[in-house]
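Quick look at query-v8.pdb (PDB, C-alpha atoms, pLDDT in the B column):
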```pdb
ATOM      1  CA  MET A   1       0.000   0.000   0.000  1.00 49.00           C
ATOM      2  CA  THR A   2       2.115   2.899  -1.192  1.00 59.00           C
ATOM      3  CA  HIS A   3      -0.376   5.250  -2.862  1.00 74.00           C
ATOM      4  CA  SER A   4      -1.975   8.380  -1.453  1.00 86.00           C
ATOM      5  CA  LEU A   5      -5.479   7.780  -0.160  1.00 85.00           C
ATOM      6  CA  VAL A   6      -8.404   9.140   1.789  1.00 89.00           C
ATOM      7  CA  VAL A   7     -10.448   7.197   4.325  1.00 89.00           C
ATOM      8  CA  HIS A   8     -13.736   8.323   5.876  1.00 89.00           C
ATOM      9  CA  VAL A   9     -12.861   7.120   9.375  1.00 90.00           C
ATOM     10  CA  PRO A  10     -16.360   7.137  10.977  1.00 88.00           C
ATOM     11  CA  ASP A  11     -17.681   4.681   8.347  1.00 89.00           C
ATOM     12  CA  THR A  12     -14.590   2.509   7.859  1.00 92.00           C
ATOM     13  CA  ASP A  13     -15.415  -1.194   8.134  1.00 95.00           C
ATOM     14  CA  LEU A  14     -13.230  -2.756  10.809  1.00 97.00           C
ATOM     15  CA  GLU A  15     -12.176  -6.358  11.373  1.00 97.00           C
ATOM     16  CA  PRO A  16     -12.029  -8.200  14.724  1.00 97.00           C
ATOM     17  CA  GLU A  17      -8.684  -8.048  16.556  1.00 96.00           C
ATOM     18  CA  PRO A  18      -9.100 -10.451  19.476  1.00 93.00           C
ATOM     19  CA  LEU A  19      -7.558  -9.320  22.759  1.00 95.00           C
ATOM     20  CA  ASP A  20      -5.271 -11.591  24.748  1.00 96.00           C
ATOM     21  CA  PRO A  21      -7.480 -12.592  27.725  1.00 96.00           C
ATOM     22  CA  ALA A  22      -4.554 -11.679  30.028  1.00 96.00           C
ATOM     23  CA  GLN A  23      -4.991  -8.020  28.933  1.00 97.00           C
ATOM     24  CA  ILE A  24      -8.625  -7.802  30.100  1.00 98.00           C
ATOM     25  CA  VAL A  25      -8.940  -6.377  33.610  1.00 98.00           C
ATOM     26  CA  SER A  26     -12.738  -6.022  33.643  1.00 98.00           C
ATOM     27  CA  GLY A  27     -15.754  -6.051  31.373  1.00 97.00           C
ATOM     28  CA  SER A  28     -15.909  -7.691  27.948  1.00 97.00           C
ATOM     29  CA  PRO A  29     -14.147  -5.199  25.685  1.00 98.00           C
ATOM     30  CA  GLU A  30     -13.956  -6.010  21.983  1.00 97.00           C
ATOM     31  CA  VAL A  31     -11.350  -4.583  19.621  1.00 98.00           C
ATOM     32  CA  THR A  32     -11.685  -4.050  15.882  1.00 98.00           C
ATOM     33  CA  GLY A  33      -9.355  -2.315  13.479  1.00 98.00           C
ATOM     34  CA  LYS A  34      -7.993  -1.867   9.999  1.00 97.00           C
ATOM     35  CA  VAL A  35      -4.562  -0.934   8.699  1.00 96.00           C
ATOM     36  CA  VAL A  36      -5.168   1.464   5.798  1.00 95.00           C
ATOM     37  CA  TRP A  37      -1.493   2.088   4.927  1.00 94.00           C
ATOM     38  CA  GLU A  38       1.759   0.284   5.688  1.00 93.00           C
ATOM     39  CA  SER A  39       5.303   1.184   4.690  1.00 91.00           C
ATOM     40  CA  GLU A  40       7.225  -1.269   2.534  1.00 90.00           C
ATOM     41  CA  ASP A  41       9.375  -2.319   5.501  1.00 92.00           C
ATOM     42  CA  GLY A  42       6.277  -2.806   7.699  1.00 91.00           C
ATOM     43  CA  ARG A  43       7.557  -0.424  10.376  1.00 93.00           C
ATOM     44  CA  ARG A  44       5.108   2.449   9.793  1.00 95.00           C
ATOM     45  CA  LEU A  45       1.380   1.781  10.031  1.00 96.00           C
ATOM     46  CA  ARG A  46      -1.632   4.050   9.628  1.00 96.00           C
ATOM     47  CA  GLY A  47      -5.107   2.886  10.463  1.00 97.00           C
ATOM     48  CA  VAL A  48      -8.354   2.942  12.379  1.00 98.00           C
ATOM     49  CA  TRP A  49      -8.933   1.178  15.709  1.00 98.00           C
ATOM     50  CA  GLN A  50     -11.937   0.770  17.972  1.00 98.00           C
ATOM     51  CA  ILE A  51     -12.567  -0.675  21.437  1.00 98.00           C
ATOM     52  CA  THR A  52     -15.839  -1.165  23.337  1.00 98.00           C
ATOM     53  CA  PRO A  53     -16.194  -0.342  27.065  1.00 98.00           C
ATOM     54  CA  GLY A  54     -14.093  -2.190  29.615  1.00 98.00           C
ATOM     55  CA  VAL A  55     -10.638  -2.080  31.172  1.00 98.00           C
ATOM     56  CA  VAL A  56      -7.546  -3.469  29.416  1.00 98.00           C
ATOM     57  CA  THR A  57      -3.779  -3.299  29.789  1.00 98.00           C
ATOM     58  CA  ASP A  58      -1.213  -2.882  27.031  1.00 97.00           C
ATOM     59  CA  THR A  59       2.456  -2.231  26.362  1.00 96.00           C
ATOM     60  CA  GLU A  60       2.602   0.535  23.800  1.00 96.00           C
ATOM     61  CA  VAL A  61       4.595   1.256  20.656  1.00 95.00           C
ATOM     62  CA  ASP A  62       5.382   4.779  19.417  1.00 96.00           C
ATOM     63  CA  GLU A  63       1.956   6.029  18.410  1.00 97.00           C
ATOM     64  CA  MET A  64       0.094   9.227  17.721  1.00 98.00           C
ATOM     65  CA  PHE A  65      -3.689   9.050  17.494  1.00 98.00           C
ATOM     66  CA  VAL A  66      -6.762  11.251  17.206  1.00 98.00           C
ATOM     67  CA  VAL A  67      -9.979  10.186  18.902  1.00 98.00           C
ATOM     68  CA  LEU A  68     -13.036  10.455  16.640  1.00 97.00           C
ATOM     69  CA  SER A  69     -15.669   9.196  19.056  1.00 98.00           C
ATOM     70  CA  GLY A  70     -16.023   7.759  22.532  1.00 98.00           C
ATOM     71  CA  SER A  71     -13.930   8.328  25.620  1.00 98.00           C
ATOM     72  CA  ALA A  72     -11.307   6.651  27.763  1.00 98.00           C
ATOM     73  CA  THR A  73      -8.893   7.234  30.595  1.00 98.00           C
ATOM     74  CA  ILE A  74      -5.378   5.938  29.904  1.00 98.00           C
ATOM     75  CA  GLU A  75      -3.147   5.459  32.946  1.00 98.00           C
ATOM     76  CA  VAL A  76       0.548   5.361  32.024  1.00 98.00           C
ATOM     77  CA  GLU A  77       2.541   3.430  34.634  1.00 97.00           C
ATOM     78  CA  GLY A  78       4.968   5.873  36.246  1.00 96.00           C
ATOM     79  CA  GLY A  79       3.567   8.702  34.123  1.00 96.00           C
ATOM     80  CA  PRO A  80       0.458  10.766  33.500  1.00 96.00           C
ATOM     81  CA  THR A  81      -3.185   9.780  33.372  1.00 98.00           C
ATOM     82  CA  LEU A  82      -4.639  10.851  30.030  1.00 98.00           C
ATOM     83  CA  THR A  83      -8.345  11.529  29.524  1.00 98.00           C
ATOM     84  CA  VAL A  84      -9.246  11.364  25.836  1.00 98.00           C
ATOM     85  CA  GLY A  85     -12.394  12.086  23.869  1.00 98.00           C
ATOM     86  CA  PRO A  86     -13.504  13.298  20.437  1.00 98.00           C
ATOM     87  CA  GLY A  87     -10.991  15.665  18.849  1.00 97.00           C
ATOM     88  CA  ASP A  88      -8.138  14.826  21.228  1.00 98.00           C
ATOM     89  CA  LEU A  89      -4.684  14.009  19.856  1.00 98.00           C
ATOM     90  CA  ALA A  90      -2.555  11.757  22.066  1.00 98.00           C
ATOM     91  CA  VAL A  91       0.996  10.440  21.915  1.00 97.00           C
ATOM     92  CA  LEU A  92       2.146   7.177  23.510  1.00 97.00           C
ATOM     93  CA  HIS A  93       5.756   6.030  23.648  1.00 96.00           C
ATOM     94  CA  GLU A  94       7.288   2.623  23.000  1.00 95.00           C
ATOM     95  CA  GLY A  95       7.407   0.635  26.213  1.00 95.00           C
ATOM     96  CA  ASP A  96       4.701   2.621  28.035  1.00 96.00           C
ATOM     97  CA  ARG A  97       2.722   0.187  30.167  1.00 98.00           C
ATOM     98  CA  THR A  98      -0.866   1.395  30.123  1.00 98.00           C
ATOM     99  CA  THR A  99      -4.277   0.644  31.566  1.00 98.00           C
ATOM    100  CA  TRP A 100      -7.155   1.779  29.366  1.00 98.00           C
ATOM    101  CA  THR A 101     -10.535   2.382  31.026  1.00 98.00           C
ATOM    102  CA  VAL A 102     -12.920   2.764  28.092  1.00 98.00           C
ATOM    103  CA  HIS A 103     -16.076   4.622  29.134  1.00 98.00           C
ATOM    104  CA  GLU A 104     -17.791   4.806  25.715  1.00 98.00           C
ATOM    105  CA  THR A 105     -16.831   2.858  22.577  1.00 98.00           C
ATOM    106  CA  LEU A 106     -13.703   4.653  21.371  1.00 98.00           C
ATOM    107  CA  ARG A 107     -12.685   4.977  17.707  1.00 98.00           C
ATOM    108  CA  LYS A 108      -9.342   6.480  16.759  1.00 98.00           C
ATOM    109  CA  ALA A 109      -7.206   7.091  13.702  1.00 98.00           C
ATOM    110  CA  TYR A 110      -3.576   6.255  14.408  1.00 98.00           C
ATOM    111  CA  ALA A 111      -0.014   6.505  13.130  1.00 97.00           C
ATOM    112  CA  ILE A 112       2.397   3.907  14.542  1.00 97.00           C
ATOM    113  CA  ASP A 113       6.153   3.861  14.114  1.00 93.00           C
ATOM    114  CA  LEU A 114       7.790   0.589  15.129  1.00 90.00           C
ATOM    115  CA  GLY A 115      11.368   0.296  16.306  1.00 76.00           C
ATOM    116  CA  GLU A 116      13.923  -2.112  14.864  1.00 66.00           C
ATOM    117  CA  GLY A 117      12.236  -5.496  14.532  1.00 52.00           C
ATOM    118  CA  GLY A 118       9.170  -4.327  16.470  1.00 48.00           C
ATOM    119  CA  THR A 119       5.634  -5.573  16.007  1.00 48.00           C
ATOM    120  CA  SER A 120       2.347  -3.930  16.796  1.00 48.00           C
ATOM    121  CA  SER A 121      -0.092  -5.301  19.322  1.00 46.00           C
TER     122      SER A 121
END
```
Exercise: express the given structure as structure tokens:
Amino acid sequence: MTHSLVVHVPDTDLEPEPLDPAQIVSGSPEVTGKVVWESEDGRRLRGVWQITPGVVTDTEVDEMFVVLSGSATIEVEGGPTLTVGPGDLAVLHEGDRTTWTVHETLRKAYAIDLGEGGTSS
């Protein structure tokens, strides 16, 4: 996928991305997403991601995202607590250990940059 493109994020069809049960702290959150662009070396990804209400943990990669709908509180271990909602731009850093409390189904558009040999979660 190397061409320029436009994606209408609110209507983008997403595919299931099952969570590791060990990541679920409470509730029954479900994740869906779609990569809309990937660099030739697979280290830069652009896409759309959505999660339903619940509490999950994650170890982050370098990511910038903009929330289109929904809301969540993201606690960064040893760092800030971020409250995000529609229109908010957030930046997470590789290695951040986070706990996401999703209050309303959250949909975001993201840009991920993976380190040497990294993979996205």
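Residues captured in this structure file are Pro16, Glu17, Pro18, Leu19, Gln23, Ile24, Thr32, Gly33, Gln50, Ile51, Thr52, Pro53, Gly54, Val55 and Val56 of chain A, according to the PyMOL selection byres ((chain A and resi 25-31) around 7).
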List the residues matched by the PyMOL selection byres ((chain A and resi 92-102) around 8) in the displayed structure as JSON, numbers by chain, ordered by chain and then by residue number. {"A": [51, 52, 53, 54, 55, 56, 57, 58, 59, 60, 61, 62, 63, 64, 71, 72, 73, 74, 75, 76, 77, 90, 91, 103, 104, 105, 106]}
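For the pair CA of Ser39 in chain A and CA of Leu82 in chain A, the separation is 28.9 Å.
One distance worth recording is that between CA of Val9 in chain A and CA of Gly42 in chain A, which is 21.6 Å.
The residues returned by the PyMOL selection byres ((chain A and resi 12) around 10) on the shown structure are Val7, His8, Val9, Pro10, Asp11, Asp13, Leu14, Glu15, Gly33, Lys34, Val36, Gly47, Val48 and Trp49 of chain A.
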When distances are computed from all atoms listed in the file, which of A:Leu89, A:Val6, A:Ile112, A:Val66 shows the smallest separation from Arg46 in chain A? A:Ile112
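Interatomic distance, CA of Asp88 in chain A to CA of Asp113 in chain A: 19.4 Å.
Residue nearest Ala111 in chain A, chosen from A:Leu68, A:Ala22, A:Leu5, A:Val35 and counting only C-alpha atoms: A:Val35.
For the set A:Gly85, A:Glu38, A:Ser4, A:Arg44, the residue with the smallest atom-to-atom gap to Ser69 in chain A is A:Gly85, counting only C-alpha atoms.
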Fill-in result for range 14-31 of chain A, N, CA and C atoms as a short mmCIF file (atom, residue, chain, number, x, y, z; two decimals), in the frame of the given file:
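The file below, out.cif, is the result:
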```cif
data_model
loop_
_atom_site.label_atom_id
_atom_site.label_comp_id
_atom_site.auth_asym_id
_atom_site.auth_seq_id
_atom_site.Cartn_x
_atom_site.Cartn_y
_atom_site.Cartn_z
N LEU A 14 -14.34 -2.25 10.03
CA LEU A 14 -13.23 -2.76 10.81
C LEU A 14 -13.36 -4.27 10.97
N GLU A 15 -12.21 -4.91 11.21
CA GLU A 15 -12.18 -6.36 11.37
C GLU A 15 -11.82 -6.69 12.82
N PRO A 16 -12.34 -7.82 13.34
CA PRO A 16 -12.03 -8.20 14.72
C PRO A 16 -10.53 -8.37 14.95
N GLU A 17 -10.07 -7.88 16.10
CA GLU A 17 -8.68 -8.05 16.56
C GLU A 17 -8.77 -8.57 17.99
N PRO A 18 -8.89 -9.89 18.14
CA PRO A 18 -9.10 -10.45 19.48
C PRO A 18 -8.02 -10.03 20.47
N LEU A 19 -8.46 -9.68 21.67
CA LEU A 19 -7.56 -9.32 22.76
C LEU A 19 -7.03 -10.59 23.42
N ASP A 20 -5.81 -10.53 23.91
CA ASP A 20 -5.27 -11.59 24.75
C ASP A 20 -6.06 -11.53 26.05
N PRO A 21 -6.69 -12.63 26.48
CA PRO A 21 -7.48 -12.59 27.72
C PRO A 21 -6.70 -12.04 28.92
N ALA A 22 -5.37 -12.20 28.93
CA ALA A 22 -4.55 -11.68 30.03
C ALA A 22 -4.57 -10.15 30.08
N GLN A 23 -4.94 -9.48 28.97
CA GLN A 23 -4.99 -8.02 28.93
C GLN A 23 -6.27 -7.47 29.53
N ILE A 24 -7.31 -8.28 29.64
CA ILE A 24 -8.62 -7.80 30.10
C ILE A 24 -8.66 -7.77 31.62
N VAL A 25 -8.86 -6.57 32.16
CA VAL A 25 -8.94 -6.38 33.61
C VAL A 25 -10.39 -6.52 34.06
N SER A 26 -11.32 -5.90 33.32
CA SER A 26 -12.74 -6.02 33.64
C SER A 26 -13.59 -5.75 32.42
N GLY A 27 -14.84 -6.22 32.49
CA GLY A 27 -15.75 -6.05 31.37
C GLY A 27 -15.48 -7.07 30.28
N SER A 28 -16.08 -6.82 29.12
CA SER A 28 -15.91 -7.69 27.95
C SER A 28 -15.57 -6.85 26.73
N PRO A 29 -14.47 -6.08 26.80
CA PRO A 29 -14.15 -5.20 25.68
C PRO A 29 -13.83 -5.99 24.41
N GLU A 30 -14.24 -5.42 23.29
CA GLU A 30 -13.96 -6.01 21.98
C GLU A 30 -13.22 -4.98 21.15
N VAL A 31 -12.18 -5.45 20.45
CA VAL A 31 -11.35 -4.58 19.62
C VAL A 31 -11.54 -4.94 18.16
#
```
